[in-house]
$ cat query.tsv   # TSV, C-alpha atoms
chain	number	residue	atom	x	y	z
T	737	MET	CA	8.75	-19.09	-18.84
T	738	ALA	CA	6.72	-16.07	-17.74
T	739	ARG	CA	6.00	-13.30	-20.18
T	740	ASP	CA	6.87	-9.68	-19.71
T	741	GLN	CA	3.72	-7.56	-19.30
T	742	ASN	CA	4.77	-5.07	-21.98
T	743	THR	CA	6.30	-7.22	-24.69
T	744	ALA	CA	4.70	-10.62	-23.99
T	745	ALA	CA	8.14	-12.13	-24.57
T	746	PRO	CA	9.36	-14.92	-22.25
T	747	ILE	CA	11.39	-13.81	-19.23
T	748	ALA	CA	14.47	-15.92	-18.63
T	749	GLY	CA	14.60	-17.63	-15.27
T	750	VAL	CA	10.96	-16.99	-14.36
T	751	ASP	CA	8.66	-20.00	-14.60
T	752	GLU	CA	5.05	-19.90	-15.64
T	753	PRO	CA	2.73	-20.75	-12.74
T	754	LYS	CA	1.90	-24.45	-12.59
T	755	ASN	CA	-1.75	-23.67	-12.00
T	756	PRO	CA	-2.47	-20.34	-13.64
T	757	ARG	CA	-5.46	-18.62	-12.09
T	758	LEU	CA	-7.29	-15.40	-12.66
T	759	LEU	CA	-5.58	-12.68	-10.65
T	760	GLY	CA	-7.32	-9.82	-12.39
T	761	GLU	CA	-6.16	-7.02	-14.65
T	762	ILE	CA	-5.06	-3.47	-14.13
T	763	ARG	CA	-5.52	-0.67	-16.62
T	764	ILE	CA	-2.41	1.41	-17.23
T	765	ASP	CA	-4.41	4.28	-18.70
T	766	PRO	CA	-8.08	4.77	-19.65
T	767	GLU	CA	-7.71	2.81	-22.90
T	768	VAL	CA	-5.11	0.11	-22.20
T	769	VAL	CA	-5.60	-3.01	-20.09
T	770	GLN	CA	-2.72	-5.27	-19.05
T	771	PRO	CA	-2.24	-8.00	-16.42
T	772	LEU	CA	-1.66	-6.63	-12.94
T	773	GLY	CA	1.34	-4.39	-13.53
T	774	GLY	CA	3.62	-4.12	-10.51
T	775	ILE	CA	1.68	-6.63	-8.41
T	776	ASN	CA	2.14	-9.51	-10.82
T	777	PRO	CA	3.70	-12.30	-8.70
T	778	TYR	CA	5.34	-13.78	-11.79
T	779	SER	CA	7.10	-10.55	-12.68
T	780	PRO	CA	10.88	-10.39	-12.11
T	781	HIS	CA	10.28	-7.10	-10.28
T	782	PHE	CA	8.00	-8.67	-7.67
T	783	ASP	CA	10.81	-9.92	-5.43
T	784	THR	CA	13.05	-6.91	-6.04
T	785	ILE	CA	10.41	-4.43	-4.92
T	786	GLY	CA	9.28	-6.56	-2.00
T	787	HIS	CA	12.80	-7.07	-0.70
T	788	SER	CA	13.61	-3.37	-0.96
T	789	PHE	CA	10.64	-2.55	1.26
T	790	LEU	CA	11.57	-5.31	3.71
T	791	LYS	CA	14.93	-3.60	4.17
T	792	LEU	CA	13.23	-0.24	4.65
T	793	LEU	CA	10.94	-1.72	7.31
T	794	ILE	CA	13.93	-3.16	9.15
T	795	GLU	CA	15.72	0.18	9.00
T	796	HIS	CA	12.84	2.58	9.64
T	797	ALA	CA	10.09	0.58	11.39
T	798	ARG	CA	12.06	-1.57	13.87
T	799	LEU	CA	11.03	-4.75	12.10
T	800	ASN	CA	12.53	-7.92	13.55
T	801	LYS	CA	11.76	-11.63	13.34
T	802	LYS	CA	9.39	-11.56	16.35
T	803	ARG	CA	7.03	-8.77	15.36
T	804	ARG	CA	3.29	-9.03	14.88
T	805	VAL	CA	2.68	-7.37	11.50
T	806	LEU	CA	-0.40	-6.05	9.72
T	807	ASP	CA	-0.22	-5.65	5.93
T	808	VAL	CA	-3.02	-3.38	4.70
T	809	GLY	CA	-3.90	-3.98	1.06
T	810	CYS	CA	-1.78	-7.13	0.87
T	811	GLY	CA	-2.52	-7.58	-2.84
T	812	THR	CA	-0.91	-10.69	-4.31
T	813	GLY	CA	1.57	-10.94	-1.46
T	814	ARG	CA	4.52	-8.86	-2.55
T	815	MET	CA	5.29	-8.15	1.12
T	816	ALA	CA	3.78	-11.39	2.42
T	817	LYS	CA	6.37	-13.35	0.45
T	818	GLN	CA	9.15	-11.42	2.18
T	819	PHE	CA	7.57	-11.72	5.62
T	820	HIS	CA	6.99	-15.44	5.06
T	821	LYS	CA	10.74	-15.92	4.91
T	822	PHE	CA	11.67	-13.32	7.52
T	823	LEU	CA	9.18	-13.65	10.40
T	824	GLU	CA	10.55	-16.79	12.00
T	825	TYR	CA	8.85	-16.16	15.36
T	826	GLY	CA	6.36	-13.40	14.54
T	827	THR	CA	2.90	-13.40	13.02
T	828	TYR	CA	1.35	-11.80	9.96
T	829	GLU	CA	-2.16	-10.61	9.07
T	830	GLY	CA	-3.01	-9.32	5.62
T	831	PHE	CA	-6.25	-8.14	4.11
T	832	ASP	CA	-7.39	-6.92	0.73
T	833	VAL	CA	-10.61	-6.00	-1.07
T	834	ASN	CA	-10.00	-8.28	-4.06
T	835	ASP	CA	-11.10	-11.94	-3.95
T	836	HIS	CA	-8.50	-13.17	-6.42
T	837	PHE	CA	-5.62	-11.54	-4.56
T	838	VAL	CA	-6.67	-13.01	-1.21
T	839	ASP	CA	-7.27	-16.49	-2.66
T	840	TYR	CA	-3.82	-16.46	-4.24
T	841	CYS	CA	-2.16	-15.45	-0.97
T	842	LYS	CA	-4.00	-18.10	1.04
T	843	GLU	CA	-2.85	-20.82	-1.35
T	844	THR	CA	0.72	-19.54	-1.65
T	845	TYR	CA	1.84	-18.26	1.77
T	846	THR	CA	0.66	-20.95	4.14
T	847	GLY	CA	1.30	-21.64	7.82
T	848	LYS	CA	-0.39	-21.07	11.17
T	849	ARG	CA	1.33	-17.74	11.70
T	850	PHE	CA	0.04	-16.27	8.43
T	851	ASN	CA	-3.54	-15.25	7.84
T	852	PHE	CA	-5.30	-13.48	4.96
T	853	GLN	CA	-8.85	-12.25	4.65
T	854	LYS	CA	-11.10	-10.51	2.18
T	855	CYS	CA	-12.75	-7.31	3.38
T	856	ASP	CA	-15.62	-6.32	1.13
T	857	VAL	CA	-14.74	-2.64	0.96
T	858	ARG	CA	-15.93	-0.81	-2.13
T	859	HIS	CA	-13.19	0.28	-4.53
T	860	ASP	CA	-13.79	1.33	-8.14
T	861	GLU	CA	-10.69	-0.44	-9.45
T	862	TYR	CA	-10.43	-3.59	-7.35
T	863	ASN	CA	-13.86	-4.24	-5.83
T	864	PRO	CA	-16.52	-2.05	-7.46
T	865	ASN	CA	-19.40	-4.07	-5.99
T	866	GLY	CA	-18.13	-3.96	-2.43
T	867	THR	CA	-20.71	-3.56	0.32
T	868	ILE	CA	-18.63	-1.62	2.87
T	869	ASP	CA	-18.13	2.14	2.65
T	870	PRO	CA	-14.38	2.85	2.95
T	871	ARG	CA	-15.17	6.01	4.95
T	872	THR	CA	-16.64	3.93	7.79
T	873	PHE	CA	-14.67	0.68	7.43
T	874	THR	CA	-13.46	-0.90	10.68
T	875	PHE	CA	-10.44	-3.17	10.45
T	876	PRO	CA	-11.32	-6.76	11.53
T	877	TYR	CA	-8.80	-6.77	14.37
T	878	GLU	CA	-8.80	-6.03	18.09
T	879	ASP	CA	-7.40	-2.85	19.60
T	880	ARG	CA	-3.65	-2.85	20.26
T	881	SER	CA	-2.99	-5.99	18.24
T	882	PHE	CA	0.10	-5.16	16.16
T	883	ASP	CA	3.68	-4.04	16.59
T	884	ILE	CA	3.93	-2.81	12.98
T	885	ALA	CA	1.34	-1.89	10.37
T	886	CYS	CA	2.26	-1.13	6.78
T	887	ALA	CA	0.34	0.18	3.79
T	888	ILE	CA	2.57	0.13	0.70
T	889	ALA	CA	1.24	1.49	-2.60
T	890	VAL	CA	-2.29	1.58	-1.17
T	891	PHE	CA	-3.14	5.19	-0.39
T	892	ASN	CA	-2.25	6.47	-3.85
T	893	HIS	CA	-5.43	4.65	-4.94
T	894	PHE	CA	-7.71	6.17	-2.26
T	895	GLU	CA	-9.94	9.19	-1.90
T	896	THR	CA	-8.69	11.46	0.89
T	897	PRO	CA	-11.51	10.62	3.37
T	898	TRP	CA	-10.69	6.94	2.94
T	899	VAL	CA	-7.02	7.60	3.74
T	900	PHE	CA	-8.01	9.46	6.88
T	901	ARG	CA	-10.29	6.63	8.01
T	902	TYR	CA	-7.56	4.05	7.53
T	903	ILE	CA	-5.06	6.17	9.46
T	904	ALA	CA	-7.51	6.31	12.38
T	905	GLU	CA	-7.88	2.53	12.25
T	906	MET	CA	-4.11	2.10	12.18
T	907	MET	CA	-3.92	4.01	15.44
T	908	ARG	CA	-6.57	1.78	17.00
T	909	VAL	CA	-5.01	-1.58	16.10
T	910	LEU	CA	-1.40	-0.65	16.89
T	911	LYS	CA	0.11	-1.34	20.28
T	912	PRO	CA	1.57	1.62	22.22
T	913	ASN	CA	4.87	2.50	20.55
T	914	GLY	CA	3.77	0.56	17.49
T	915	ILE	CA	5.05	1.73	14.10
T	916	PHE	CA	2.97	2.67	11.06
T	917	PHE	CA	4.89	2.63	7.76
T	918	ALA	CA	3.02	3.97	4.73
T	919	THR	CA	3.62	5.31	1.24
T	920	PHE	CA	1.76	8.20	-0.39
T	921	LEU	CA	1.82	10.63	-3.25
T	922	ILE	CA	1.99	13.90	-1.32
T	923	LEU	CA	1.31	17.33	-2.78
T	924	THR	CA	4.05	19.73	-1.72
T	925	PRO	CA	5.53	22.79	-3.45
T	926	MET	CA	8.27	20.50	-4.77
T	927	SER	CA	5.96	17.80	-6.11
T	928	MET	CA	3.48	20.28	-7.56
T	929	GLY	CA	6.33	22.06	-9.31
T	930	ALA	CA	7.49	18.76	-10.78
T	931	ILE	CA	3.98	17.97	-11.95
T	932	GLU	CA	3.58	21.35	-13.60
T	933	GLY	CA	7.01	21.08	-15.22
T	934	LYS	CA	6.21	17.68	-16.77
T	935	ASP	CA	9.83	17.40	-17.90
T	936	LYS	CA	10.85	14.17	-16.19
T	937	HIS	CA	7.71	13.17	-14.38
T	938	PRO	CA	4.79	11.47	-16.13
T	939	PHE	CA	2.06	12.47	-13.68
T	940	LYS	CA	-0.36	15.03	-15.09
T	941	PHE	CA	-3.28	14.94	-12.63
T	942	ASP	CA	-5.96	16.15	-14.99
T	943	MET	CA	-8.62	16.23	-12.26
T	944	ARG	CA	-7.89	18.51	-9.31
T	945	THR	CA	-9.90	19.30	-6.18
T	946	PRO	CA	-8.85	21.03	-2.93
T	947	ASP	CA	-8.59	17.62	-1.22
T	948	SER	CA	-6.80	15.59	-3.89
T	949	TRP	CA	-5.40	15.47	-7.41
T	950	HIS	CA	-6.36	12.57	-9.68
T	951	GLU	CA	-4.33	11.51	-12.68
T	952	TYR	CA	-7.28	10.69	-14.92
T	953	ASN	CA	-10.83	12.05	-15.01
T	954	LYS	CA	-12.18	8.68	-16.16
T	955	ARG	CA	-10.31	6.72	-13.49
T	956	LYS	CA	-10.23	8.70	-10.29
T	957	LEU	CA	-8.38	6.05	-8.31
T	958	PHE	CA	-5.61	5.19	-10.74
T	959	ASN	CA	-3.19	7.62	-9.05
T	960	VAL	CA	-4.22	10.03	-6.31
T	961	ALA	CA	-2.08	12.68	-4.60
T	962	ILE	CA	-3.16	14.46	-1.42
T	963	PRO	CA	-1.97	17.68	0.27
T	964	GLU	CA	0.68	17.36	2.96
T	965	SER	CA	-1.08	19.80	5.29
T	966	GLY	CA	-4.24	17.69	5.57
T	967	LEU	CA	-2.23	14.50	5.94
T	968	ARG	CA	-0.20	15.94	8.80
T	969	ARG	CA	-3.35	17.16	10.56
T	970	GLN	CA	-4.84	13.67	10.41
T	971	PHE	CA	-1.74	12.05	11.89
T	972	LEU	CA	-1.78	14.63	14.67
T	973	LYS	CA	-5.51	14.12	15.27
T	974	CYS	CA	-4.93	10.37	15.59
T	975	ARG	CA	-1.96	10.89	17.89
T	976	LEU	CA	0.43	9.18	15.54
T	977	MET	CA	3.70	11.05	15.77
T	978	ILE	CA	5.49	11.36	12.45
T	979	ARG	CA	9.14	10.45	12.69
T	980	GLU	CA	10.64	13.29	10.73
T	981	PRO	CA	11.56	13.84	8.08
T	982	ILE	CA	8.97	12.62	5.62
T	983	ARG	CA	11.04	10.91	2.93
T	984	TYR	CA	9.77	12.34	-0.33
T	985	GLY	CA	10.05	9.93	-3.24
T	986	GLU	CA	11.54	9.58	-6.67
T	987	TRP	CA	8.16	10.31	-8.27
T	988	CYS	CA	8.60	14.03	-7.55
T	989	GLY	CA	12.35	14.18	-8.13
T	990	SER	CA	13.34	14.29	-4.46
T	991	PRO	CA	17.12	14.21	-3.97
T	992	VAL	CA	16.75	12.23	-0.73
T	993	ALA	CA	14.28	9.59	-1.94
T	994	ILE	CA	14.48	6.09	-0.45
T	995	THR	CA	11.87	4.65	-2.83
T	996	GLY	CA	9.50	5.69	-5.59
T	997	HIS	CA	6.64	7.07	-3.49
T	998	ASP	CA	6.76	9.31	-0.42
T	999	VAL	CA	7.31	7.43	2.85
T	1000	VAL	CA	5.77	8.44	6.17
T	1001	VAL	CA	6.81	6.59	9.32
T	1002	SER	CA	4.87	7.29	12.51
T	1003	ILE	CA	4.73	5.96	16.05
T	1004	LYS	CA	1.75	5.52	18.33
T	1005	GLY	CA	2.19	7.28	21.66
T	1006	GLN	CA	1.94	5.48	24.99
T	1007	TRP	CA	-1.22	7.43	25.87
T	1008	ARG	CA	-3.41	5.62	23.32

$ encode --input "query.tsv" --output "C-alpha cells"
Amino acid sequence: MARDQNTAAPIAGVDEPKNPRLLGEIRIDPEVVQPLGGINPYSPHFDTIGHSFLKLLIEHARLNKKRRVLDVGCGTGRMAKQFHKFLEYGTYEGFDVNDHFVDYCKETYTGKRFNFQKCDVRHDEYNPNGTIDPRTFTFPYEDRSFDIACAIAVFNHFETPWVFRYIAEMMRVLKPNGIFFATFLILTPMSMGAIEGKDKHPFKFDMRTPDSWHEYNKRKLFNVAIPESGLRRQFLKCRLMIREPIRYGEWCGSPVAITGHDVVVSIKGQWR
C-alpha cells in the first residue's frame, strides 16, 4: 500500500506503484522536504482534487467530451487522468517544466489523442537549470488551437511578469470564444485582511513587493499572491474578458468559494 506523505503509514486501498520512479520532491517550508505533496499520483487526494476541478470545468468552462484542451503545468497528470476518462472524442495537450512529471504522464496516460511535452522553462523549484526565460516563453502550439486552456495551481508559483506572459500566450493559442480557466492567489482587501489577521489562514507572506507577496524569503516561488488590479489590467490588455464574478477561494476565507484558490474564468473575444 502507498504511504501517507505526513505519517509514512500505509494508506488502505491505495497500491504502491509497480515500477516506482523518481517523481521529485517538494519542500513544504524552507527546512522540510517531503515527496510531492498535493501532486503525488499515489495520494488518495489526487483523484478527489482532479475530479472536483473536472466538474468545475464542465460547469464554468463549457467543457464537453469533444473539446480540444490545453493543460498548462500538467504536473503528474492530476487533470490528465480525469481528461483521459472524459474526453472521448476530444484531444489533450499538456506541458510542464519538469522532466520527471512529463515522463510519468507519457507512460501513464497513453493514446493518440493525448500528448505531453517538456518545455525547458526556468523555474527555481521545478527546473532551476532551465534554458528558457519564462518572461519570453512562447507556448509550442499554433495560434487558435484550443477550445479550453486551464492552469490549475500554477500561477501561485510564478513571478508576476511570468503570469502576464502566460496570459498573453493563452490568448494567442485559444480559438475565438475559447475559455481560459485559471487559479490564483489574488491580493484583495479581503485576502490581505485575512493574511494580516493570521487567525485561520496559514499564509504569512514574509516577503512583499508592490507586484507580489511571497510566503518565504528563502523560497520566493513556494506561494505567490499578486494584486487583483494588475491581473485585471493584463486580462483586459490581452482581450480576455473575465466572466464575472471572480470566485475568491477558501484560502482567504471567502464565503462563496468554489475551491481552495481563487478562480478566474475568461473568454477570448471574436476579434482576436

$ closest_residue --input "query.tsv" --among "T:Ile884, T:Leu957, T:Cys841, T:Leu910" --to "Trp898 (chain T)" --atoms "all atoms listed in the file"
T:Leu957

$ residues_near_point --input "query.tsv" --point "(-11.8, -5.3, 5.3)" --cutoff "12 Å" --atoms "all atoms listed in the file" --output "PDB file with C-alpha atoms, keeping the file's coordinate frame"
ATOM      1  CA  ASP T 807      -0.220  -5.650   5.930  1.00  0.00           C
ATOM      2  CA  VAL T 808      -3.020  -3.380   4.700  1.00  0.00           C
ATOM      3  CA  GLY T 809      -3.900  -3.980   1.060  1.00  0.00           C
ATOM      4  CA  CYS T 810      -1.780  -7.130   0.870  1.00  0.00           C
ATOM      5  CA  GLU T 829      -2.160 -10.610   9.070  1.00  0.00           C
ATOM      6  CA  GLY T 830      -3.010  -9.320   5.620  1.00  0.00           C
ATOM      7  CA  PHE T 831      -6.250  -8.140   4.110  1.00  0.00           C
ATOM      8  CA  ASP T 832      -7.390  -6.920   0.730  1.00  0.00           C
ATOM      9  CA  VAL T 833     -10.610  -6.000  -1.070  1.00  0.00           C
ATOM     10  CA  ASN T 834     -10.000  -8.280  -4.060  1.00  0.00           C
ATOM     11  CA  ASP T 835     -11.100 -11.940  -3.950  1.00  0.00           C
ATOM     12  CA  VAL T 838      -6.670 -13.010  -1.210  1.00  0.00           C
ATOM     13  CA  PHE T 852      -5.300 -13.480   4.960  1.00  0.00           C
ATOM     14  CA  GLN T 853      -8.850 -12.250   4.650  1.00  0.00           C
ATOM     15  CA  LYS T 854     -11.100 -10.510   2.180  1.00  0.00           C
ATOM     16  CA  CYS T 855     -12.750  -7.310   3.380  1.00  0.00           C
ATOM     17  CA  ASP T 856     -15.620  -6.320   1.130  1.00  0.00           C
ATOM     18  CA  VAL T 857     -14.740  -2.640   0.960  1.00  0.00           C
ATOM     19  CA  ARG T 858     -15.930  -0.810  -2.130  1.00  0.00           C
ATOM     20  CA  HIS T 859     -13.190   0.280  -4.530  1.00  0.00           C
ATOM     21  CA  ASN T 863     -13.860  -4.240  -5.830  1.00  0.00           C
ATOM     22  CA  GLY T 866     -18.130  -3.960  -2.430  1.00  0.00           C
ATOM     23  CA  THR T 867     -20.710  -3.560   0.320  1.00  0.00           C
ATOM     24  CA  ILE T 868     -18.630  -1.620   2.870  1.00  0.00           C
ATOM     25  CA  ASP T 869     -18.130   2.140   2.650  1.00  0.00           C
ATOM     26  CA  PRO T 870     -14.380   2.850   2.950  1.00  0.00           C
ATOM     27  CA  ARG T 871     -15.170   6.010   4.950  1.00  0.00           C
ATOM     28  CA  THR T 872     -16.640   3.930   7.790  1.00  0.00           C
ATOM     29  CA  PHE T 873     -14.670   0.680   7.430  1.00  0.00           C
ATOM     30  CA  THR T 874     -13.460  -0.900  10.680  1.00  0.00           C
ATOM     31  CA  PHE T 875     -10.440  -3.170  10.450  1.00  0.00           C
ATOM     32  CA  PRO T 876     -11.320  -6.760  11.530  1.00  0.00           C
ATOM     33  CA  TYR T 877      -8.800  -6.770  14.370  1.00  0.00           C
ATOM     34  CA  TYR T 902      -7.560   4.050   7.530  1.00  0.00           C
ATOM     35  CA  GLU T 905      -7.880   2.530  12.250  1.00  0.00           C
TER      36      GLU T 905
END

$ residues_around --input "query.tsv" --residues "Leu792 (chain T)" --least-positions-apart "5" --cutoff "12 Å" --atoms "all atoms listed in the file" --output "count of residues only"
20

$ atom_distance --input "query.tsv" --atom1 "CA of Lys973 (chain T)" --atom2 "CA of Asp860 (chain T)"
27.9 Å

$ closest_residue --input "query.tsv" --among "T:Asn776, T:Thr896, T:Ser881, T:Ser1002" --to "Ile915 (chain T)" --atoms "all atoms listed in the file"
T:Ser1002

$ closest_residue --input "query.tsv" --among "T:Gly914, T:Pro780, T:Gly847, T:Gly811" --to "Ile1003 (chain T)" --atoms "all atoms listed in the file"
T:Gly914

$ residues_around --input "query.tsv" --residues "Arg968 (chain T)" --least-positions-apart "5" --cutoff "10 Å" --atoms "only C-alpha atoms" --output "PyMOL selection string"
chain T and resi 963+973-974+976-978+1000

$ atom_distance --input "query.tsv" --atom1 "CA of Phe850 (chain T)" --atom2 "CA of Gly1005 (chain T)"
27.1 Å

$ residues_around --input "query.tsv" --residues "Phe894 (chain T)" --least-positions-apart "3" --cutoff "9 Å" --atoms "all atoms listed in the file" --output "list in words"
His859, Val890, Phe891, Pro897, Trp898, Val899, Lys956, Leu957, Phe958, Asn959, Val960 and Ala961 of chain T
